[in-house]
Amino acid sequence: MPKTALYNMEGAAIGEVELSEEIFAAPINTAAMHLVVRSILANKRQGTQSALTRGEVRGGGRKIYRQKGTGNARHHGNRAPQFKHGGVVFAPKPRDYVINVPKKVRRLAFKSAMTSKLNAGEIIVVDEIKLAEAKTKLMAKFLGNFETKNTTMLVLPGRDETILRAAGNIEKLETSYVNTLNVYDILKAGKIILTKDALKGVEEVYA
C-alpha cells in the first residue's frame with residue numbers, strides 16, 4: 001500500500017498516511033486521460049458561433065452583368081463568397097461539442113492522473129488547514145511553507161468561506177472540492193495539497 005508524508009500547516013512532517021492502492025497505485029493510462037481532458041475542454045465550449053451563407057446574406061438577387069460578351073467570369077449575384085459583403089463558404093453554425101465518456105473511462109483517467117502526480121512527488125497531504133482570519137497573507141505564508149512555485153490546487157472536503165476568501169487573491173492558487181475534482185485540473189496543477197479529510201473523501205468516492 002502506497003504511503004506519503006503527513007504535514008502540518010508549518011510544513012513539518014508529523015507522520016505518514018496510507019493511501020488507497022486503487023487510486024494512487026493504479027496503472028497509468030495516457031489514452032484515457034487524453035480522452036477525458038478533451039471531453040472536459042470540449043464541454044466548456046458554448047458552440048454559439050454562427051455566420052451567414054450566400055443564401056442567407058442580405059442583398060444580391062440581381063445578375064450583376066450579362067452572361068456573355070463582357071470577357072469577365074460568369075456570375076449571378078454579388079453575394080457569392082468571393083465578393084465583398086458576400087456569404088461565407090461552409091459557414092459555422094451553432095452546434096454541440098459535447099464528448100460523452102463512459103463512467104469507467106472517467107474513473108480510470110482520474111486514478112491514472114492521481115497516480116502520476118504521486119509518482120512525481122506533487123501530492124501533499126496536510127492534517128488540517130485552519131486560518132485565524134480570512135487574510136491573504138496567512139494563506140500565502142501557508143503556501144510558502146511548502147515552496148509552491150507553479151500553479152497549486154488546494155482540495156478541500158467542503159466549502160470553507162475563510163479559506164476561500166484568503167485564497168481568492170492569490171494568482172497561482174486554485175481551490176477545489178472532493179466532488180468537483182477532475183482530471184484536467186489535476187494534470188494542470190503543479191502541486192496538489194489535500195487535507196486529511198479531503199483525502200478520505202476522495203478515497204471514498206473514487207476507490
# chains A, B, ... in the order shown; residues from 1 in each chain; ligands from 1
call {"tool": "select_by_dssp", "arguments": {"residues": "range 25-194 of chain A", "states": "alpha helix (DSSP H)", "output": "PyMOL selection string"}}
result
chain A and resi 30-43+103-119+136-144+161-167+183-188
call {"tool": "residues_around", "arguments": {"residues": "range 1-8 of chain A", "least_positions_apart": "5", "cutoff": "6 Å", "atoms": "only C-alpha atoms", "output": "list in words"}}
result
Ala13, Ile14, Gly15, Glu16, Val17, Glu18, Leu19, Glu21, Val125, Val126 and Asp127 of chain A
call {"tool": "residues_around", "arguments": {"residues": "Pro94 in chain A", "least_positions_apart": "6", "cutoff": "8 Å", "atoms": "only C-alpha atoms", "output": "list in words"}}
result
Gly47, Thr48, Gln49 and Ser50 of chain A
call {"tool": "write_last_selection", "arguments": {"atoms": "all heavy atoms", "output": "PDB file, in the first residue's frame"}}
result
ATOM      1  N   GLY A  47     -20.442  26.773 -28.326  1.00  0.00           N
ATOM      2  CA  GLY A  47     -20.990  26.325 -29.611  1.00  0.00           C
ATOM      3  C   GLY A  47     -22.024  27.274 -30.177  1.00  0.00           C
ATOM      4  O   GLY A  47     -22.960  26.853 -30.858  1.00  0.00           O
ATOM      5  N   THR A  48     -21.891  28.578 -29.907  1.00  0.00           N
ATOM      6  CA  THR A  48     -22.883  29.555 -30.378  1.00  0.00           C
ATOM      7  C   THR A  48     -22.409  30.328 -31.607  1.00  0.00           C
ATOM      8  O   THR A  48     -23.077  31.264 -32.039  1.00  0.00           O
ATOM      9  CB  THR A  48     -23.222  30.556 -29.261  1.00  0.00           C
ATOM     10  OG1 THR A  48     -22.000  31.159 -28.806  1.00  0.00           O
ATOM     11  CG2 THR A  48     -23.903  29.865 -28.100  1.00  0.00           C
ATOM     12  N   GLN A  49     -21.229  29.976 -32.153  1.00  0.00           N
ATOM     13  CA  GLN A  49     -20.732  30.719 -33.312  1.00  0.00           C
ATOM     14  C   GLN A  49     -21.641  30.521 -34.519  1.00  0.00           C
ATOM     15  O   GLN A  49     -22.218  29.451 -34.702  1.00  0.00           O
ATOM     16  CB  GLN A  49     -19.287  30.296 -33.649  1.00  0.00           C
ATOM     17  CG  GLN A  49     -19.132  28.951 -34.342  1.00  0.00           C
ATOM     18  CD  GLN A  49     -19.254  27.776 -33.415  1.00  0.00           C
ATOM     19  OE1 GLN A  49     -19.982  27.819 -32.452  1.00  0.00           O
ATOM     20  NE2 GLN A  49     -18.547  26.715 -33.716  1.00  0.00           N
ATOM     21  N   SER A  50     -21.780  31.578 -35.325  1.00  0.00           N
ATOM     22  CA  SER A  50     -22.672  31.487 -36.472  1.00  0.00           C
ATOM     23  C   SER A  50     -22.277  32.523 -37.517  1.00  0.00           C
ATOM     24  O   SER A  50     -21.840  33.620 -37.174  1.00  0.00           O
ATOM     25  CB  SER A  50     -24.125  31.721 -36.041  1.00  0.00           C
ATOM     26  OG  SER A  50     -24.995  31.541 -37.132  1.00  0.00           O
TER      27      SER A  50
END
call {"tool": "residues_around", "arguments": {"residues": "Glu174 in chain A", "least_positions_apart": "3", "cutoff": "12 Å", "atoms": "only C-alpha atoms", "output": "list in words"}}
result
Leu143, Asn150, Thr151, Thr152, Met153, Leu154, Val155, Leu156, Ile163, Leu164, Arg165, Ala166, Ala167, Gly168, Asn169, Ile170, Glu171, Tyr177, Leu181, Asp185, Ile186, Lys188, Ala189, Gly190, Lys191, Ile192 and Ile193 of chain A
call {"tool": "select_by_dssp", "arguments": {"residues": "chain A", "states": "strand (DSSP E)", "output": "mmCIF file with N, CA, C and O atoms, in the first residue's frame"}}
result
data_model
loop_
_atom_site.group_PDB
_atom_site.id
_atom_site.type_symbol
_atom_site.label_atom_id
_atom_site.label_comp_id
_atom_site.auth_asym_id
_atom_site.auth_seq_id
_atom_site.Cartn_x
_atom_site.Cartn_y
_atom_site.Cartn_z
ATOM 1 N N LYS A 3 2.362 4.983 0.581
ATOM 2 C CA LYS A 3 2.323 5.907 1.709
ATOM 3 C C LYS A 3 2.927 7.235 1.287
ATOM 4 O O LYS A 3 3.711 7.304 0.348
ATOM 5 N N THR A 4 2.555 8.268 2.010
ATOM 6 C CA THR A 4 3.166 9.573 1.797
ATOM 7 C C THR A 4 3.219 10.302 3.127
ATOM 8 O O THR A 4 2.504 9.935 4.072
ATOM 9 N N ALA A 5 4.062 11.318 3.197
ATOM 10 C CA ALA A 5 4.244 12.056 4.453
ATOM 11 C C ALA A 5 2.997 12.884 4.778
ATOM 12 O O ALA A 5 2.299 13.364 3.876
ATOM 13 N N LEU A 6 2.736 13.022 6.060
ATOM 14 C CA LEU A 6 1.643 13.874 6.537
ATOM 15 C C LEU A 6 2.266 15.114 7.156
ATOM 16 O O LEU A 6 3.148 15.007 8.020
ATOM 17 N N TYR A 7 1.841 16.287 6.705
ATOM 18 C CA TYR A 7 2.434 17.538 7.168
ATOM 19 C C TYR A 7 1.438 18.337 8.003
ATOM 20 O O TYR A 7 0.224 18.150 7.905
ATOM 21 N N ALA A 13 6.890 17.535 8.695
ATOM 22 C CA ALA A 13 6.322 16.187 8.618
ATOM 23 C C ALA A 13 6.004 15.692 10.022
ATOM 24 O O ALA A 13 6.861 15.726 10.907
ATOM 25 N N ILE A 14 4.780 15.235 10.234
ATOM 26 C CA ILE A 14 4.368 14.778 11.566
ATOM 27 C C ILE A 14 4.002 13.292 11.550
ATOM 28 O O ILE A 14 3.525 12.764 12.553
ATOM 29 N N GLY A 15 4.233 12.635 10.423
ATOM 30 C CA GLY A 15 3.926 11.215 10.333
ATOM 31 C C GLY A 15 3.722 10.789 8.895
ATOM 32 O O GLY A 15 4.141 11.475 7.960
ATOM 33 N N GLU A 16 3.067 9.657 8.736
ATOM 34 C CA GLU A 16 2.774 9.128 7.407
ATOM 35 C C GLU A 16 1.289 8.791 7.297
ATOM 36 O O GLU A 16 0.626 8.539 8.306
ATOM 37 N N VAL A 17 0.798 8.797 6.095
ATOM 38 C CA VAL A 17 -0.585 8.436 5.865
ATOM 39 C C VAL A 17 -0.627 7.396 4.747
ATOM 40 O O VAL A 17 0.096 7.508 3.757
ATOM 41 N N GLU A 18 -1.438 6.356 4.956
ATOM 42 C CA GLU A 18 -1.582 5.319 3.941
ATOM 43 C C GLU A 18 -2.588 5.766 2.881
ATOM 44 O O GLU A 18 -3.618 6.343 3.192
ATOM 45 N N ILE A 123 1.994 15.500 -4.695
ATOM 46 C CA ILE A 123 0.812 15.445 -3.830
ATOM 47 C C ILE A 123 1.264 15.661 -2.389
ATOM 48 O O ILE A 123 2.171 14.988 -1.896
ATOM 49 N N ILE A 124 0.654 16.639 -1.726
ATOM 50 C CA ILE A 124 0.978 16.980 -0.336
ATOM 51 C C ILE A 124 -0.280 16.795 0.502
ATOM 52 O O ILE A 124 -1.344 17.335 0.153
ATOM 53 N N VAL A 125 -0.154 16.032 1.569
ATOM 54 C CA VAL A 125 -1.296 15.807 2.467
ATOM 55 C C VAL A 125 -1.043 16.561 3.771
ATOM 56 O O VAL A 125 0.006 16.404 4.405
ATOM 57 N N VAL A 126 -2.012 17.403 4.150
ATOM 58 C CA VAL A 126 -1.906 18.215 5.366
ATOM 59 C C VAL A 126 -2.964 17.735 6.353
ATOM 60 O O VAL A 126 -4.077 17.384 5.952
ATOM 61 N N THR A 152 -0.849 25.884 -7.917
ATOM 62 C CA THR A 152 -1.137 24.918 -6.850
ATOM 63 C C THR A 152 -2.648 24.766 -6.710
ATOM 64 O O THR A 152 -3.384 25.749 -6.811
ATOM 65 N N MET A 153 -3.085 23.543 -6.511
ATOM 66 C CA MET A 153 -4.508 23.297 -6.302
ATOM 67 C C MET A 153 -4.735 22.821 -4.873
ATOM 68 O O MET A 153 -4.095 21.866 -4.421
ATOM 69 N N LEU A 154 -5.629 23.509 -4.186
ATOM 70 C CA LEU A 154 -5.969 23.170 -2.813
ATOM 71 C C LEU A 154 -7.305 22.437 -2.813
ATOM 72 O O LEU A 154 -8.314 22.982 -3.258
ATOM 73 N N VAL A 155 -7.292 21.188 -2.351
ATOM 74 C CA VAL A 155 -8.512 20.368 -2.363
ATOM 75 C C VAL A 155 -9.088 20.326 -0.952
ATOM 76 O O VAL A 155 -8.418 19.890 -0.006
ATOM 77 N N LEU A 156 -10.322 20.781 -0.829
ATOM 78 C CA LEU A 156 -10.994 20.845 0.476
ATOM 79 C C LEU A 156 -12.134 19.832 0.526
ATOM 80 O O LEU A 156 -12.728 19.501 -0.503
ATOM 81 N N LEU A 173 -3.071 30.050 -7.226
ATOM 82 C CA LEU A 173 -3.731 29.101 -6.332
ATOM 83 C C LEU A 173 -5.172 28.890 -6.780
ATOM 84 O O LEU A 173 -5.923 29.836 -6.984
ATOM 85 N N GLU A 174 -5.536 27.625 -6.947
ATOM 86 C CA GLU A 174 -6.911 27.276 -7.289
ATOM 87 C C GLU A 174 -7.461 26.373 -6.187
ATOM 88 O O GLU A 174 -6.736 25.553 -5.634
ATOM 89 N N THR A 175 -8.724 26.528 -5.890
ATOM 90 C CA THR A 175 -9.357 25.693 -4.876
ATOM 91 C C THR A 175 -10.367 24.762 -5.531
ATOM 92 O O THR A 175 -11.002 25.118 -6.529
ATOM 93 N N SER A 176 -10.488 23.585 -4.974
ATOM 94 C CA SER A 176 -11.432 22.606 -5.497
ATOM 95 C C SER A 176 -11.982 21.804 -4.321
ATOM 96 O O SER A 176 -11.439 21.854 -3.213
ATOM 97 N N TYR A 177 -13.075 21.111 -4.578
ATOM 98 C CA TYR A 177 -13.668 20.251 -3.552
ATOM 99 C C TYR A 177 -13.595 18.802 -4.020
ATOM 100 O O TYR A 177 -13.344 18.525 -5.199
ATOM 101 N N LYS A 191 1.371 21.445 -7.977
ATOM 102 C CA LYS A 191 1.259 20.624 -6.760
ATOM 103 C C LYS A 191 -0.192 20.598 -6.303
ATOM 104 O O LYS A 191 -0.950 21.551 -6.533
ATOM 105 N N ILE A 192 -0.558 19.493 -5.678
ATOM 106 C CA ILE A 192 -1.912 19.337 -5.157
ATOM 107 C C ILE A 192 -1.826 19.161 -3.649
ATOM 108 O O ILE A 192 -1.149 18.251 -3.153
ATOM 109 N N ILE A 193 -2.464 20.059 -2.916
ATOM 110 C CA ILE A 193 -2.488 19.983 -1.452
ATOM 111 C C ILE A 193 -3.873 19.516 -1.016
ATOM 112 O O ILE A 193 -4.884 20.160 -1.323
ATOM 113 N N LEU A 194 -3.910 18.386 -0.327
ATOM 114 C CA LEU A 194 -5.172 17.851 0.182
ATOM 115 C C LEU A 194 -5.143 17.855 1.700
ATOM 116 O O LEU A 194 -4.112 17.558 2.314
ATOM 117 N N THR A 195 -6.278 18.186 2.286
ATOM 118 C CA THR A 195 -6.385 17.979 3.725
ATOM 119 C C THR A 195 -6.644 16.489 3.971
ATOM 120 O O THR A 195 -7.031 15.758 3.053
#
call {"tool": "atom_distance", "arguments": {"atom1": "CA of Ala132 in chain A", "atom2": "CA of Glu147 in chain A"}}
result
21.5 Å
call {"tool": "residues_around", "arguments": {"residues": "Thr53 in chain A", "least_positions_apart": "4", "cutoff": "7 Å", "atoms": "only C-alpha atoms", "output": "PDB file with N, CA and C atoms, in the first residue's frame"}}
result
ATOM      1  N   VAL A  57     -27.257  35.732 -46.607  1.00  0.00           N
ATOM      2  CA  VAL A  57     -26.784  37.103 -46.504  1.00  0.00           C
ATOM      3  C   VAL A  57     -27.750  38.046 -47.236  1.00  0.00           C
ATOM      4  N   GLY A  87     -21.506  35.950 -48.845  1.00  0.00           N
ATOM      5  CA  GLY A  87     -21.685  34.946 -47.801  1.00  0.00           C
ATOM      6  C   GLY A  87     -20.388  34.209 -47.497  1.00  0.00           C
ATOM      7  N   VAL A  88     -20.431  33.338 -46.495  1.00  0.00           N
ATOM      8  CA  VAL A  88     -19.271  32.570 -46.060  1.00  0.00           C
ATOM      9  C   VAL A  88     -19.390  31.132 -46.566  1.00  0.00           C
ATOM     10  N   VAL A  89     -18.284  30.627 -47.114  1.00  0.00           N
ATOM     11  CA  VAL A  89     -18.270  29.228 -47.561  1.00  0.00           C
ATOM     12  C   VAL A  89     -18.224  28.319 -46.329  1.00  0.00           C
ATOM     13  N   ALA A  91     -20.153  28.065 -43.781  1.00  0.00           N
ATOM     14  CA  ALA A  91     -20.312  28.940 -42.610  1.00  0.00           C
ATOM     15  C   ALA A  91     -20.544  28.133 -41.339  1.00  0.00           C
TER      16      ALA A  91
END
call {"tool": "residues_around", "arguments": {"residues": "Arg58 in chain A", "least_positions_apart": "4", "cutoff": "9 Å", "atoms": "only C-alpha atoms", "output": "JSON, numbers by chain"}}
result
{"A": [54, 79, 85, 86, 87]}
call {"tool": "atom_distance", "arguments": {"atom1": "CA of Phe24 in chain A", "atom2": "CA of Arg107 in chain A"}}
result
12.4 Å
call {"tool": "closest_residue", "arguments": {"among": "A:Phe110, A:Phe146, A:Phe90, A:Tyr206", "to": "Asn182 in chain A", "atoms": "only C-alpha atoms"}}
result
A:Phe110
call {"tool": "closest_residue", "arguments": {"among": "A:Ala73, A:Ala109, A:Ile99, A:Leu131", "to": "Ala32 in chain A", "atoms": "only C-alpha atoms"}}
result
A:Ala109
call {"tool": "closest_residue", "arguments": {"among": "A:Lys103, A:Lys135, A:Lys111, A:Lys172", "to": "Asn29 in chain A", "atoms": "only C-alpha atoms"}}
result
A:Lys111
